[in-house]
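Q: This structure is in structure tokens; I'll ask about it shortly.
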Amino acid sequence: MISTGTAPTTQTIATARFLINTTLGVGGLVDVAKAQGLNYEDEDFGQTLGTYGVPPGPYLVLPFRGSTDVRDFAGNYLDGYLSPLHYVRYQGNNYVGLMKSTLGSMDNRSSNIVTFRDIQRTSLDYYAT
């Protein structure tokens, strides 16, 4: 830990972020922990599968999903299935979870639009790049 001179683990940082943001950040609505130097680590189940030796598999380009490999696609599916929003129902339908995944895909694309355009502009075969 920090007091012993060793670097904190990702799990320690995530726990500290949770505790700080839920108490000082109005139940997690404000990211107070980031101001304390505890940056958010974007982890997913695909990375966990890779840690345990699952190979990436073939590269896929899927409509509305973009480019991925089989391991990350399966990991993202499990992330969505295990998310608490997956179980929120509105009039018997799972609109909340679907909206979260749709908005997440749109956010990912908009965050990387410059990279996507550069790849599209400079590659001979966009889908092979």
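Chain labels run A, B, ... following the order of the structure tokens; each chain numbers its residues from 1, and ligands are numbered from 1 in the order shown.
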For region 33-44 of chain A, please output as a list in words all residues within 9 Å (counting only C-alpha atoms; exclusion window: fewer than 3 positions along the same chain).

A: Thr10, Ile13, Ala14, Ala16, Arg17, Phe18, Leu19, Ile20, Asn21, Leu24, Gly25, Val30, Gln47, Thr48, Asp72, Gly75, Asn76 and Asp79 of chain A

Q: Next, dump the selected residues to file, keeping only N, CA and C atoms, as a CSV table (one decimal), in the first residue's frame.

A:
```
chain,number,residue,atom,x,y,z
A,10,THR,N,-4.8,-2.1,-8.5
A,10,THR,CA,-6.0,-1.6,-9.2
A,10,THR,C,-7.2,-1.8,-8.3
A,13,ILE,N,-7.2,0.9,-5.5
A,13,ILE,CA,-7.7,2.2,-6.1
A,13,ILE,C,-9.2,2.2,-6.3
A,14,ALA,N,-9.7,1.1,-6.9
A,14,ALA,CA,-11.2,1.0,-7.1
A,14,ALA,C,-12.0,1.0,-5.8
A,16,ALA,N,-10.9,2.5,-3.0
A,16,ALA,CA,-10.8,3.8,-2.5
A,16,ALA,C,-11.7,4.8,-3.2
A,17,ARG,N,-11.8,4.6,-4.6
A,17,ARG,CA,-12.6,5.5,-5.4
A,17,ARG,C,-14.1,5.3,-5.0
A,18,PHE,N,-14.5,4.1,-4.8
A,18,PHE,CA,-15.9,3.8,-4.4
A,18,PHE,C,-16.2,4.5,-3.0
A,19,LEU,N,-15.3,4.3,-2.0
A,19,LEU,CA,-15.6,4.8,-0.7
A,19,LEU,C,-15.6,6.4,-0.7
A,20,ILE,N,-14.7,7.0,-1.4
A,20,ILE,CA,-14.6,8.4,-1.5
A,20,ILE,C,-15.8,9.0,-2.2
A,21,ASN,N,-16.1,8.4,-3.4
A,21,ASN,CA,-17.1,9.0,-4.2
A,21,ASN,C,-18.5,8.8,-3.6
A,24,LEU,N,-18.2,11.4,-0.1
A,24,LEU,CA,-17.9,12.8,-0.4
A,24,LEU,C,-18.5,13.2,-1.7
A,25,GLY,N,-18.8,12.3,-2.6
A,25,GLY,CA,-19.3,12.6,-3.9
A,25,GLY,C,-20.8,12.5,-4.1
A,30,VAL,N,-20.7,12.8,-8.1
A,30,VAL,CA,-19.6,13.6,-8.4
A,30,VAL,C,-18.3,12.8,-8.2
A,47,GLN,N,-10.5,-8.5,-20.6
A,47,GLN,CA,-9.2,-8.4,-20.0
A,47,GLN,C,-9.0,-9.5,-19.0
A,48,THR,N,-10.0,-9.8,-18.2
A,48,THR,CA,-9.9,-10.9,-17.2
A,48,THR,C,-9.7,-12.2,-17.9
A,72,ASP,N,-13.0,-10.3,-26.5
A,72,ASP,CA,-13.5,-9.1,-26.0
A,72,ASP,C,-15.0,-8.9,-26.2
A,75,GLY,N,-16.5,-11.0,-23.5
A,75,GLY,CA,-16.3,-10.2,-22.2
A,75,GLY,C,-17.3,-9.1,-22.1
A,76,ASN,N,-17.5,-8.3,-23.2
A,76,ASN,CA,-18.4,-7.2,-23.1
A,76,ASN,C,-19.9,-7.7,-22.9
A,79,ASP,N,-20.1,-8.5,-19.3
A,79,ASP,CA,-20.1,-7.3,-18.5
A,79,ASP,C,-21.5,-6.7,-18.5
```

Q: Which of these residues is nearest to Gly80 (chain A), using only C-alpha atoms: A:Thr23, A:Ser67, A:Gln11, A:Ser101?

A: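 Checking each of A:Thr23, A:Ser67, A:Gln11, A:Ser101 against Gly80 (chain A), counting only C-alpha atoms, the winner is A:Ser101.
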
Q: From a DSSP pass on the backbone, collect the residues of chain A flagged as helix (DSSP H, G or I) and hand them back as a PyMOL selection string.

A: chain A and resi 2-4+10-23+32-35+45-51+70-82+84-87+95-111+113-122

Q: What parts of chain A does DSSP call strand (DSSP E or B)? I'd like the answer as a VMD selection string.

A: chain A and resid 59 to 62 66 to 69 90 93
